[in-house]
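Structure data follow from data13.txt (compact mmCIF, C-alpha atoms):
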# COMPACT_ATOMS: atom_id res chain seq x y z
CA VAL R 871 104.32 91.32 104.84
CA GLU R 872 102.18 89.43 102.38
CA LEU R 873 104.03 87.30 99.84
CA SER R 874 101.73 86.73 96.89
CA ASP R 875 101.38 87.50 93.21
CA ARG R 876 98.50 89.82 94.04
CA LYS R 877 100.78 91.89 96.31
CA LEU R 878 103.49 91.96 93.63
CA VAL R 879 100.98 93.53 91.26
CA GLU R 880 99.91 96.04 93.96
CA TRP R 881 103.54 96.93 94.78
CA ALA R 882 104.31 97.45 91.09
CA ALA R 883 101.25 99.70 90.67
CA ALA R 884 102.18 101.70 93.79
CA SER R 885 105.69 102.11 92.35
CA GLY R 886 104.27 103.71 89.23
CA VAL R 887 104.60 100.77 86.84
CA TRP R 888 101.97 100.89 84.09
CA LEU R 889 99.92 97.72 84.42
CA GLY R 890 98.23 97.57 81.04
CA LYS R 891 95.20 95.36 80.52
CA ARG R 892 94.46 93.02 83.39
CA GLY R 893 92.05 90.58 81.82
CA LYS R 894 92.61 86.93 82.62
CA GLY R 895 93.61 85.78 86.04
CA SER R 896 92.18 85.61 89.51
CA ASN R 897 92.80 87.21 92.88
CA ASP R 898 95.21 84.39 93.69
CA LYS R 899 97.09 84.44 90.37
CA PRO R 900 96.46 87.78 88.63
CA SER R 901 97.55 88.46 85.07
CA PHE R 902 100.29 91.01 84.66
CA ASP R 903 100.96 92.96 81.47
CA SER R 904 103.28 95.87 82.23
CA GLY R 905 105.77 95.56 79.39
CA VAL R 906 108.59 94.90 81.88
CA HIS R 907 109.74 91.35 81.20
CA LEU R 908 110.94 90.58 84.74
CA LEU R 909 107.60 91.66 86.16
CA ASP R 910 105.42 90.06 83.50
CA ASP R 911 106.87 86.57 83.94
CA PHE R 912 106.86 86.91 87.76
CA SER R 913 110.65 86.45 88.03
CA LEU R 914 110.44 88.89 90.90
CA ARG R 915 108.45 86.27 92.83
CA GLY R 916 111.55 84.03 92.83
CA VAL R 917 113.71 86.88 94.09
CA LEU R 918 111.26 87.59 96.92
CA GLN R 919 111.05 83.91 97.80
CA ALA R 920 114.85 83.75 97.95
CA PHE R 921 115.28 86.84 100.13
CA ALA R 922 112.27 86.49 102.43
CA PRO R 923 113.73 83.64 104.56
CA VAL R 924 116.93 85.65 105.08
CA VAL R 925 115.12 88.67 106.52
CA PRO R 926 113.23 87.75 109.69
CA ARG R 927 109.83 89.41 109.49
CA ASN R 928 106.21 88.40 109.87
CA TYR R 929 105.22 86.92 106.51
CA VAL R 930 101.85 85.78 105.24
CA VAL R 931 102.07 83.43 102.27
CA MET R 932 98.76 83.98 100.51
CA GLU R 933 98.74 81.37 97.77
CA VAL R 934 95.37 79.67 98.09
CA ARG R 935 95.95 76.82 95.66
CA ASP R 936 99.51 76.14 96.85
CA ASN R 937 98.56 76.28 100.52
CA LEU R 938 95.79 73.73 100.02
CA MET R 939 98.11 71.22 98.30
CA PRO R 940 100.30 69.33 100.83
CA GLN R 941 103.35 69.08 98.54
CA GLU R 942 103.35 72.80 97.74
CA ARG R 943 102.69 73.69 101.39
CA GLU R 944 105.71 71.59 102.47
CA LYS R 945 107.92 73.36 99.89
CA ALA R 946 106.84 76.73 101.23
CA LEU R 947 107.46 75.67 104.83
CA LYS R 948 110.96 74.42 103.96
CA ARG R 949 111.90 77.89 102.75
CA PHE R 950 111.16 79.26 106.24
CA ASN R 951 112.89 76.60 108.35
CA ALA R 952 114.93 79.00 110.55
CA SER R 953 114.14 79.00 114.25
CA CYS R 954 113.04 82.65 114.16
CA PHE R 955 109.98 81.75 112.09
CA LYS R 956 106.80 80.52 113.73
CA LYS R 957 104.68 78.58 111.26
CA THR R 958 100.94 78.91 111.64
CA ALA R 959 98.26 77.72 109.26
CA CYS R 960 94.78 79.17 109.35
CA VAL R 961 91.94 78.30 107.01
CA LEU R 962 88.82 80.42 107.14
CA ILE R 963 85.81 78.93 105.43
CA GLY R 964 82.16 79.82 105.76
CA GLU R 965 80.21 82.84 106.89
CA PRO R 966 82.39 85.61 108.35
CA PRO R 967 81.65 86.99 111.83
CA ALA R 968 79.12 89.83 112.09
CA GLU R 969 81.78 92.33 113.25
CA PHE R 970 83.92 91.59 110.19
CA LYS R 971 80.95 91.95 107.86
CA ALA R 972 79.95 95.21 109.54
CA ALA R 973 83.48 96.58 109.22
CA GLU R 974 83.67 95.61 105.54
CA HIS R 975 80.25 97.11 104.86
CA GLU R 976 81.37 100.31 106.57
CA LYS R 977 84.50 100.44 104.37
CA LEU R 978 82.40 99.92 101.26
CA ARG R 979 79.89 102.54 102.39
CA ALA R 980 82.69 105.03 103.09
CA ALA R 981 84.24 104.42 99.67
CA LYS R 982 80.86 104.79 97.98
CA GLN R 983 80.15 107.98 99.94
CA LYS R 984 83.54 109.40 98.97
CA LEU R 985 82.79 108.76 95.29
CA ALA R 986 79.32 110.30 95.67
CA ASN R 987 80.82 113.36 97.38
CA GLN R 988 83.39 113.77 94.60
CA ALA R 989 80.68 113.46 91.95
CA TRP R 990 78.49 115.98 93.78
CA LEU R 991 81.39 118.44 94.13
CA ALA R 992 82.25 118.04 90.45
CA LYS R 993 78.61 118.61 89.50
CA LYS R 994 78.44 121.65 91.79
CA ALA R 995 81.64 123.08 90.29
CA GLU R 996 80.32 122.49 86.75
CA LYS R 997 77.05 124.21 87.66
CA ALA R 998 78.95 127.18 89.11
CA ARG R 999 81.16 127.33 86.01
CA LYS R 1000 78.12 127.32 83.73
CA LYS R 1001 76.42 129.99 85.85
CA ALA R 1002 79.55 132.17 85.72
CA ALA R 1003 79.81 131.65 81.95
CA ALA R 1004 76.14 132.60 81.51
CA GLU R 1005 76.65 135.70 83.67
CA MET R 1006 79.72 136.68 81.63
CA ALA R 1007 77.75 136.18 78.39
CA LYS R 1008 74.91 138.30 79.78
CA LYS R 1009 77.31 141.09 80.75
CA ALA R 1010 79.02 140.90 77.35
CA ALA R 1011 75.62 141.16 75.62
CA ALA R 1012 74.74 144.18 77.78
CA ARG R 1013 78.06 145.84 76.88
CA ARG R 1014 77.49 145.14 73.18
CA LYS R 1015 73.99 146.61 73.43
CA GLU R 1016 75.32 149.73 75.18
CA ALA R 1017 78.06 150.10 72.57
CA GLU R 1018 75.49 149.74 69.78
CA GLU R 1019 73.25 152.39 71.42
CA ARG R 1020 76.22 154.77 71.79
CA ARG R 1021 77.16 154.18 68.16
CA LYS R 1022 73.58 154.91 67.02
CA LYS R 1023 73.49 158.02 69.21
CA LEU R 1024 76.79 159.24 67.76
CA ILE R 1025 75.49 158.58 64.22
CA GLU R 1026 72.30 160.56 64.98
CA GLU R 1027 74.30 163.45 66.45
CA ALA R 1028 76.57 163.43 63.42
CA LYS R 1029 73.51 163.53 61.13
CA LYS R 1030 72.04 166.45 63.15
CA LYS R 1031 75.31 168.38 62.96
CA LYS R 1032 75.53 167.71 59.25
CA ALA R 1033 71.94 168.84 58.77
CA GLU R 1034 72.59 172.00 60.82
CA ALA R 1035 75.78 172.70 58.90
CA GLU R 1036 73.91 172.42 55.58
CA ALA R 1037 71.11 174.60 56.74
Could you write out this file's structure as structure tokens?
Amino acid sequence: VELSDRKLVEWAAASGVWLGKRGKGSNDKPSFDSGVHLLDDFSLRGVLQAFAPVVPRNYVVMEVRDNLMPQEREKALKRFNASCFKKTACVLIGEPPAEFKAAEHEKLRAAKQKLANQAWLAKKAEKARKKAAAEMAKKAAARRKEAEERRKKLIEEAKKKKAEAEA
């Protein structure tokens, strides 16, 4: 379980909380404008930090700035001082391995392909809708033309009958 402000924002969004504008901020410390006071001021972070040490789970504390500062890192480690917690620090800097890059590129490609497929399907559906509408308009025009021809024919027949009746 990741304990970070970024995850709090993701959890809130997954719970259906309206997030509003998300302008200022970073991946480490995102801005949060939901209209819910306890979420906006990150009071929930304190609640999570209080309960996390009580529930033994695998936690990842993803606070880049705090983890790089020794004083903040020591504070975080003190919260998890129970014997059931194994504390491991890992800093990854530099070029990622080729497998990781390939996997990330594949994820990006799959997401891009999904969007392209959705756009293509939407375009195809719109084209089919327009074609059906054009076909309906063509049929309606043909029906109007037939009705007009029948009306003219009936008028001519009525004129002929009138002329025969007068004669």
Any idea what's packed within 9 Å of Leu878 of chain R, counting all atoms listed in the file, ignoring anything in its chain fewer than 5 positions away? Could you give it as a list in words?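 Counting only the stated atoms, we get Leu873, Ala883, Leu909, Phe912, Leu914 and Arg915 of chain R.
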Taking 2 positions as the minimum chain separation for residues in the same chain, which residues sit within 12 Å of Val924 of chain R when counting only C-alpha atoms? Answer as a VMD selection string. chain R and resid 917 to 922 926 to 927 929 949 to 955
Do you have the atom CA of Glu880 of chain R-atom CA of Met932 of chain R distance handy?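 That distance, rounded to one decimal, is 13.8 Å.
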Please work out which residues fall within 7 Å of (99.0, 86.7, 98.0), coordinates as given in the file, with all atoms listed in the file counting, and return them as a PyMOL selection string. chain R and resi 872-877+898+931-933
Could the residues in this selection be saved with C-alpha atoms as a CSV table (one decimal), in the coordinates of the input?
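Output below, filename selection-v7.csv:
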chain,number,residue,atom,x,y,z
R,872,GLU,CA,102.2,89.4,102.4
R,873,LEU,CA,104.0,87.3,99.8
R,874,SER,CA,101.7,86.7,96.9
R,875,ASP,CA,101.4,87.5,93.2
R,876,ARG,CA,98.5,89.8,94.0
R,877,LYS,CA,100.8,91.9,96.3
R,898,ASP,CA,95.2,84.4,93.7
R,931,VAL,CA,102.1,83.4,102.3
R,932,MET,CA,98.8,84.0,100.5
R,933,GLU,CA,98.7,81.4,97.8
Pairwise distance for atom CA of Val879 of chain R and atom CA of Lys899 of chain R, rounded to one decimal in Å: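 Answer for the atom CA of Val879 of chain R to atom CA of Lys899 of chain R separation: 9.9 Å.
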Calculated over only C-alpha atoms, which of the candidates R:Ala1028, R:Ala986, R:Leu962, R:Val930 has the smallest distance to Ala946 of chain R?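 Of the candidates, the smallest distance to Ala946 of chain R is held by R:Val930.
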My structure is short of atoms at segment 906-937 of chain R; please model N, CA and C atoms there, returning them as a short mmCIF file (atom, residue, chain, number, x, y, z; two decimals), in the frame of the given file.
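Result file selection_16.cif:
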data_model
loop_
_atom_site.label_atom_id
_atom_site.label_comp_id
_atom_site.auth_asym_id
_atom_site.auth_seq_id
_atom_site.Cartn_x
_atom_site.Cartn_y
_atom_site.Cartn_z
N VAL R 906 107.30 95.17 81.25
CA VAL R 906 108.59 94.90 81.88
C VAL R 906 108.71 93.39 82.03
N HIS R 907 109.65 92.80 81.29
CA HIS R 907 109.74 91.35 81.20
C HIS R 907 109.87 90.68 82.58
N LEU R 908 110.71 91.22 83.44
CA LEU R 908 110.94 90.58 84.74
C LEU R 908 109.70 90.64 85.64
N LEU R 909 108.84 91.60 85.39
CA LEU R 909 107.60 91.66 86.16
C LEU R 909 106.53 90.77 85.52
N ASP R 910 106.47 90.80 84.19
CA ASP R 910 105.42 90.06 83.50
C ASP R 910 105.53 88.55 83.69
N ASP R 911 106.75 88.02 83.76
CA ASP R 911 106.87 86.57 83.94
C ASP R 911 107.04 86.19 85.41
N PHE R 912 106.81 87.13 86.31
CA PHE R 912 106.86 86.91 87.76
C PHE R 912 108.22 86.38 88.23
N SER R 913 109.30 86.80 87.56
CA SER R 913 110.65 86.45 88.03
C SER R 913 110.92 87.08 89.38
N LEU R 914 110.27 88.20 89.62
CA LEU R 914 110.44 88.89 90.90
C LEU R 914 109.94 88.04 92.06
N ARG R 915 108.95 87.17 91.79
CA ARG R 915 108.45 86.27 92.83
C ARG R 915 109.59 85.38 93.35
N GLY R 916 110.42 84.87 92.44
CA GLY R 916 111.55 84.03 92.83
C GLY R 916 112.55 84.79 93.67
N VAL R 917 112.79 86.04 93.31
CA VAL R 917 113.71 86.88 94.09
C VAL R 917 113.17 87.09 95.50
N LEU R 918 111.87 87.40 95.59
CA LEU R 918 111.26 87.59 96.92
C LEU R 918 111.31 86.30 97.74
N GLN R 919 111.03 85.18 97.09
CA GLN R 919 111.05 83.91 97.80
C GLN R 919 112.46 83.55 98.26
N ALA R 920 113.47 84.02 97.55
CA ALA R 920 114.85 83.75 97.95
C ALA R 920 115.28 84.64 99.11
N PHE R 921 114.85 85.90 99.10
CA PHE R 921 115.28 86.84 100.13
C PHE R 921 114.43 86.82 101.39
N ALA R 922 113.16 86.45 101.27
CA ALA R 922 112.27 86.49 102.43
C ALA R 922 112.78 85.65 103.61
N PRO R 923 113.26 84.43 103.41
CA PRO R 923 113.73 83.64 104.56
C PRO R 923 114.97 84.24 105.23
N VAL R 924 115.71 85.06 104.52
CA VAL R 924 116.93 85.65 105.08
C VAL R 924 116.60 86.82 106.00
N VAL R 925 115.51 87.50 105.74
CA VAL R 925 115.12 88.67 106.52
C VAL R 925 113.99 88.26 107.46
N PRO R 926 114.27 88.19 108.76
CA PRO R 926 113.23 87.75 109.69
C PRO R 926 112.15 88.82 109.87
N ARG R 927 111.00 88.53 109.37
CA ARG R 927 109.83 89.41 109.49
C ARG R 927 108.61 88.52 109.64
N ASN R 928 107.47 89.13 109.85
CA ASN R 928 106.21 88.40 109.87
C ASN R 928 105.70 88.32 108.44
N TYR R 929 105.65 87.11 107.89
CA TYR R 929 105.22 86.92 106.51
C TYR R 929 103.90 86.17 106.49
N VAL R 930 103.07 86.52 105.52
CA VAL R 930 101.85 85.78 105.24
C VAL R 930 101.97 85.31 103.80
N VAL R 931 101.95 84.00 103.61
CA VAL R 931 102.07 83.43 102.27
C VAL R 931 100.65 83.15 101.78
N MET R 932 100.16 84.05 100.94
CA MET R 932 98.76 83.98 100.51
C MET R 932 98.65 83.36 99.11
N GLU R 933 98.92 82.11 99.02
CA GLU R 933 98.74 81.37 97.77
C GLU R 933 97.71 80.29 98.05
N VAL R 934 96.48 80.56 97.71
CA VAL R 934 95.37 79.67 98.09
C VAL R 934 95.59 78.26 97.56
N ARG R 935 95.80 78.14 96.27
CA ARG R 935 95.95 76.82 95.66
C ARG R 935 97.15 76.08 96.26
N ASP R 936 98.30 76.78 96.34
CA ASP R 936 99.51 76.14 96.85
C ASP R 936 99.38 75.77 98.32
N ASN R 937 98.70 76.58 99.09
CA ASN R 937 98.56 76.28 100.52
C ASN R 937 97.59 75.12 100.77
#
